[in-house]
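Chemist: Pasting a structure below so you can have a look.
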Amino acid sequence: MQSTYKYRFDRRTLYWSVAYLIVFGLLGGGLFYLYEGGYLSAWFTSFIVALIALMALSIPRKIIVTERSMQVRCLLDITEIDRSEIAAVRKVDTQHMKWFVPVFGGCGFFGYYGHFLDLRRFERVKVYASEWRNFVEIVDIYEDRLYVSCSDAERLIAELTPPGGNRPVDDDE
């Protein structure tokens with residue numbers, strides 16, 4: 001048994017992605033014409049190309065749930081959680097997510113992914129989202145938190161909820 005939950009980009013994510021690409025292009029073009037193809041424009045172009053490549057390889061593509069594990073598959077990376085290590089699964093409102101600040105990852109460039117800082121709890125969490133809604137919080141037995149988004153969040157929650165039910169979480173309301 002294997003279930004697949006695909007990521008779909010919303011308009012906000014696509015607008016932010018186009019805005020990032022336009023700004024990077026304008027900055028690169030401006031440096032090229034200001035410095036006539038010198039060292040600074042070459043360094044900037046190399047840095048931006050590497051940054052875009054790294055971010056593009058980290059874009060989440062789908063969530064796969066098997067009998068043994070839950071995997072978030074990106075173009076280059078796979079984040080896997082053993083289902084026996086899942087302590088709690090719940091839907092999270094976007095108001096809860098407003099306290100998240102990106103530390104190392106993408107914010108709006110074809111999604112929201114990487115390591116974020118939760119300013120309410122002052123802890124590092126992982127986020128893999130293609131849209132800024134329909135969030136599902138997955139807490140493992142080590143108290144690590146993973147936030148994913150998918151269009152069918154209710155089905156994902158029903159499928160990942162541990163057999164004995166969710167363990168109480170600190171900020172249950």
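Ordering of the structure tokens sets the chain letters (A, B, ...); residue numbers start at 1 within each chain; ligands are numbered from 1 in the order shown.
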Enumerate, as a list of chain:residue names, the complete set of residues in region 64-170 of chain A that a backbone-based DSSP assignment places in alpha helix (DSSP H).
Modeler: A:Thr94, A:Gln95, A:His96, A:Met97, A:Ala153, A:Glu154, A:Arg155, A:Leu156, A:Ile157, A:Ala158, A:Glu159, A:Leu160
Chemist: So that I can see what lies close to Phe110 (chain A), please list as a PyMOL selection string the residues with an atom at most 7 Å from it, counting only C-alpha atoms and leaving out residues fewer than 4 positions away in the same chain.
Modeler: chain A and resi 13-14+17+59+130
Chemist: Would you kindly return, as an MDAnalysis selection string, each protein, DNA or RNA residue with an atom no farther than 12 Å from any atom of Tyr15 (chain A), considering only C-alpha atoms and excluding same-chain residues fewer than 4 positions away?
Modeler: chainID A and resid 9:11 19:22 108:111 131
Chemist: Could you save the residues just selected, with N, CA and C atoms, as a CSV table (one decimal), in the first residue's frame?
Modeler:
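Printed below is result.csv as written:
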```csv
chain,number,residue,atom,x,y,z
A,9,PHE,N,1.5,24.2,-6.8
A,9,PHE,CA,1.9,25.6,-6.5
A,9,PHE,C,0.6,26.5,-6.6
A,10,ASP,N,0.5,27.4,-5.6
A,10,ASP,CA,-0.6,28.4,-5.7
A,10,ASP,C,-0.1,29.6,-6.4
A,11,ARG,N,-1.0,30.5,-6.7
A,11,ARG,CA,-0.6,31.8,-7.4
A,11,ARG,C,0.5,32.6,-6.7
A,19,ALA,N,9.0,37.0,-9.4
A,19,ALA,CA,9.6,38.2,-8.9
A,19,ALA,C,11.1,38.0,-8.6
A,20,TYR,N,11.4,36.8,-7.9
A,20,TYR,CA,12.8,36.5,-7.6
A,20,TYR,C,13.6,36.4,-8.9
A,21,LEU,N,13.1,35.7,-9.9
A,21,LEU,CA,13.9,35.6,-11.2
A,21,LEU,C,14.1,36.9,-11.8
A,22,ILE,N,13.1,37.8,-11.8
A,22,ILE,CA,13.2,39.1,-12.4
A,22,ILE,C,14.2,40.0,-11.7
A,108,GLY,N,9.3,31.3,-0.9
A,108,GLY,CA,8.6,31.8,-2.0
A,108,GLY,C,9.1,31.5,-3.3
A,109,PHE,N,10.4,31.0,-3.4
A,109,PHE,CA,11.0,30.6,-4.7
A,109,PHE,C,10.5,29.1,-5.0
A,110,PHE,N,9.5,29.0,-5.7
A,110,PHE,CA,8.8,27.7,-6.0
A,110,PHE,C,8.5,26.9,-4.8
A,111,GLY,N,8.1,27.6,-3.7
A,111,GLY,CA,7.6,26.9,-2.5
A,111,GLY,C,8.3,27.5,-1.3
A,131,GLU,N,2.5,25.7,-1.0
A,131,GLU,CA,1.5,26.8,-0.8
A,131,GLU,C,1.5,27.1,0.7
```
Chemist: Give me, please, the distance in Å between CA of Tyr128 (chain A) and CA of Ser58 (chain A), quoted to one decimal.
Modeler: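 We find that CA of Tyr128 (chain A) and CA of Ser58 (chain A) lie 9.3 Å from each other.
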Chemist: I want to know what sits within 9 Å of region 160-164 of chain A, based on only C-alpha atoms, with residues of the same chain fewer than 6 positions away left out; could you give that as JSON, numbers by chain?
Modeler: {"A": [65, 70, 83, 84, 85, 86, 87, 88, 89, 90, 138]}
Chemist: Identify which of the residues A:Val18, A:Leu156, A:Leu75, A:Val92 lies closest to Gln2 (chain A), counting only C-alpha atoms when measuring atom-to-atom distances.
Modeler: A:Leu156
Chemist: If you run DSSP on this backbone, which residues of region 26-104 of chain A come out as strand (DSSP E or B), and could you give them as a VMD selection string?
Modeler: chain A and resid 60 to 66 69 to 74 78 to 82 86 to 92 100 to 104
Chemist: Store the residues picked out above in a file with N, CA and C atoms, as a PDB file, in the first residue's frame.
Modeler:
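Output file result_39.pdb is given in full below:
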```
ATOM      1  N   PRO A  60      10.207  20.685  -3.033  1.00  0.00           N
ATOM      2  CA  PRO A  60       9.465  19.446  -2.757  1.00  0.00           C
ATOM      3  C   PRO A  60       8.553  19.086  -3.927  1.00  0.00           C
ATOM      4  N   ARG A  61       8.517  17.788  -4.258  1.00  0.00           N
ATOM      5  CA  ARG A  61       7.700  17.323  -5.374  1.00  0.00           C
ATOM      6  C   ARG A  61       6.478  16.554  -4.924  1.00  0.00           C
ATOM      7  N   LYS A  62       6.653  15.647  -3.946  1.00  0.00           N
ATOM      8  CA  LYS A  62       5.520  14.835  -3.506  1.00  0.00           C
ATOM      9  C   LYS A  62       5.805  14.210  -2.147  1.00  0.00           C
ATOM     10  N   ILE A  63       4.716  13.796  -1.510  1.00  0.00           N
ATOM     11  CA  ILE A  63       4.778  13.072  -0.242  1.00  0.00           C
ATOM     12  C   ILE A  63       4.326  11.656  -0.541  1.00  0.00           C
ATOM     13  N   ILE A  64       5.121  10.690  -0.122  1.00  0.00           N
ATOM     14  CA  ILE A  64       4.765   9.286  -0.324  1.00  0.00           C
ATOM     15  C   ILE A  64       4.633   8.633   1.039  1.00  0.00           C
ATOM     16  N   VAL A  65       3.481   8.011   1.263  1.00  0.00           N
ATOM     17  CA  VAL A  65       3.219   7.314   2.521  1.00  0.00           C
ATOM     18  C   VAL A  65       3.124   5.823   2.208  1.00  0.00           C
ATOM     19  N   THR A  66       3.997   5.040   2.829  1.00  0.00           N
ATOM     20  CA  THR A  66       3.964   3.585   2.701  1.00  0.00           C
ATOM     21  C   THR A  66       3.575   2.993   4.045  1.00  0.00           C
ATOM     22  N   SER A  69       6.891   3.967   6.229  1.00  0.00           N
ATOM     23  CA  SER A  69       7.474   5.300   6.349  1.00  0.00           C
ATOM     24  C   SER A  69       6.656   6.357   5.620  1.00  0.00           C
ATOM     25  N   MET A  70       7.012   7.591   5.909  1.00  0.00           N
ATOM     26  CA  MET A  70       6.474   8.747   5.206  1.00  0.00           C
ATOM     27  C   MET A  70       7.677   9.487   4.629  1.00  0.00           C
ATOM     28  N   GLN A  71       7.649   9.756   3.330  1.00  0.00           N
ATOM     29  CA  GLN A  71       8.772  10.393   2.661  1.00  0.00           C
ATOM     30  C   GLN A  71       8.319  11.685   1.997  1.00  0.00           C
ATOM     31  N   VAL A  72       9.136  12.724   2.160  1.00  0.00           N
ATOM     32  CA  VAL A  72       8.960  13.958   1.397  1.00  0.00           C
ATOM     33  C   VAL A  72      10.069  13.942   0.361  1.00  0.00           C
ATOM     34  N   ARG A  73       9.688  13.833  -0.892  1.00  0.00           N
ATOM     35  CA  ARG A  73      10.671  13.734  -1.966  1.00  0.00           C
ATOM     36  C   ARG A  73      10.839  15.071  -2.664  1.00  0.00           C
ATOM     37  N   CYS A  74      12.081  15.506  -2.697  1.00  0.00           N
ATOM     38  CA  CYS A  74      12.456  16.702  -3.437  1.00  0.00           C
ATOM     39  C   CYS A  74      13.200  16.231  -4.682  1.00  0.00           C
ATOM     40  N   ILE A  78      15.595  13.365  -0.034  1.00  0.00           N
ATOM     41  CA  ILE A  78      14.442  12.631   0.483  1.00  0.00           C
ATOM     42  C   ILE A  78      14.483  12.731   2.006  1.00  0.00           C
ATOM     43  N   THR A  79      13.425  13.261   2.591  1.00  0.00           N
ATOM     44  CA  THR A  79      13.286  13.286   4.046  1.00  0.00           C
ATOM     45  C   THR A  79      12.328  12.166   4.415  1.00  0.00           C
ATOM     46  N   GLU A  80      12.795  11.270   5.255  1.00  0.00           N
ATOM     47  CA  GLU A  80      12.007  10.078   5.583  1.00  0.00           C
ATOM     48  C   GLU A  80      11.801   9.984   7.090  1.00  0.00           C
ATOM     49  N   ILE A  81      10.561   9.681   7.479  1.00  0.00           N
ATOM     50  CA  ILE A  81      10.222   9.445   8.881  1.00  0.00           C
ATOM     51  C   ILE A  81       9.575   8.073   8.969  1.00  0.00           C
ATOM     52  N   ASP A  82      10.089   7.243   9.856  1.00  0.00           N
ATOM     53  CA  ASP A  82       9.495   5.933  10.084  1.00  0.00           C
ATOM     54  C   ASP A  82       8.137   6.142  10.751  1.00  0.00           C
ATOM     55  N   ILE A  86       6.278   8.350  14.541  1.00  0.00           N
ATOM     56  CA  ILE A  86       5.378   9.496  14.507  1.00  0.00           C
ATOM     57  C   ILE A  86       4.553   9.512  15.790  1.00  0.00           C
ATOM     58  N   ALA A  87       4.652  10.617  16.537  1.00  0.00           N
ATOM     59  CA  ALA A  87       3.936  10.727  17.805  1.00  0.00           C
ATOM     60  C   ALA A  87       2.605  11.456  17.648  1.00  0.00           C
ATOM     61  N   ALA A  88       2.567  12.470  16.784  1.00  0.00           N
ATOM     62  CA  ALA A  88       1.338  13.249  16.625  1.00  0.00           C
ATOM     63  C   ALA A  88       1.280  13.862  15.234  1.00  0.00           C
ATOM     64  N   VAL A  89       0.079  13.961  14.722  1.00  0.00           N
ATOM     65  CA  VAL A  89      -0.179  14.581  13.423  1.00  0.00           C
ATOM     66  C   VAL A  89      -1.413  15.454  13.586  1.00  0.00           C
ATOM     67  N   ARG A  90      -1.314  16.700  13.147  1.00  0.00           N
ATOM     68  CA  ARG A  90      -2.474  17.583  13.257  1.00  0.00           C
ATOM     69  C   ARG A  90      -2.420  18.649  12.170  1.00  0.00           C
ATOM     70  N   LYS A  91      -3.583  19.205  11.888  1.00  0.00           N
ATOM     71  CA  LYS A  91      -3.678  20.308  10.940  1.00  0.00           C
ATOM     72  C   LYS A  91      -3.330  21.595  11.676  1.00  0.00           C
ATOM     73  N   VAL A  92      -2.610  22.480  10.991  1.00  0.00           N
ATOM     74  CA  VAL A  92      -2.155  23.723  11.591  1.00  0.00           C
ATOM     75  C   VAL A  92      -2.714  24.885  10.781  1.00  0.00           C
ATOM     76  N   PHE A 100       6.966  31.852  11.748  1.00  0.00           N
ATOM     77  CA  PHE A 100       8.083  31.105  11.181  1.00  0.00           C
ATOM     78  C   PHE A 100       8.936  32.022  10.304  1.00  0.00           C
ATOM     79  N   VAL A 101      10.243  31.986  10.531  1.00  0.00           N
ATOM     80  CA  VAL A 101      11.197  32.789   9.781  1.00  0.00           C
ATOM     81  C   VAL A 101      12.206  31.839   9.145  1.00  0.00           C
ATOM     82  N   PRO A 102      12.473  31.979   7.846  1.00  0.00           N
ATOM     83  CA  PRO A 102      13.438  31.071   7.208  1.00  0.00           C
ATOM     84  C   PRO A 102      14.860  31.312   7.719  1.00  0.00           C
ATOM     85  N   VAL A 103      15.548  30.236   8.052  1.00  0.00           N
ATOM     86  CA  VAL A 103      16.940  30.300   8.478  1.00  0.00           C
ATOM     87  C   VAL A 103      17.834  29.838   7.339  1.00  0.00           C
ATOM     88  N   PHE A 104      17.512  28.675   6.787  1.00  0.00           N
ATOM     89  CA  PHE A 104      18.277  28.126   5.675  1.00  0.00           C
ATOM     90  C   PHE A 104      17.304  27.386   4.773  1.00  0.00           C
TER      91      PHE A 104
END
```
Chemist: Between A:Phe47, A:Tyr142, A:Tyr7, A:Trp99, which has the minimum distance to Leu117 (chain A) (counting only C-alpha atoms)?
Modeler: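 Closest residue, counting only C-alpha atoms: A:Trp99.
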Chemist: Using only C-alpha atoms, find the one residue out of A:Trp132, A:Phe32, A:Phe24, A:Tyr147 that sits nearest to Cys107 (chain A).
Modeler: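 Checking each candidate against Cys107 (chain A), we get A:Trp132 as the closest.
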Chemist: Taking into account only C-alpha atoms, which residue in the set A:Phe122, A:Tyr113, A:Tyr33, A:Trp16 is nearest to Val148 (chain A)?
Modeler: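 Result for the nearest residue to Val148 (chain A): A:Tyr113.
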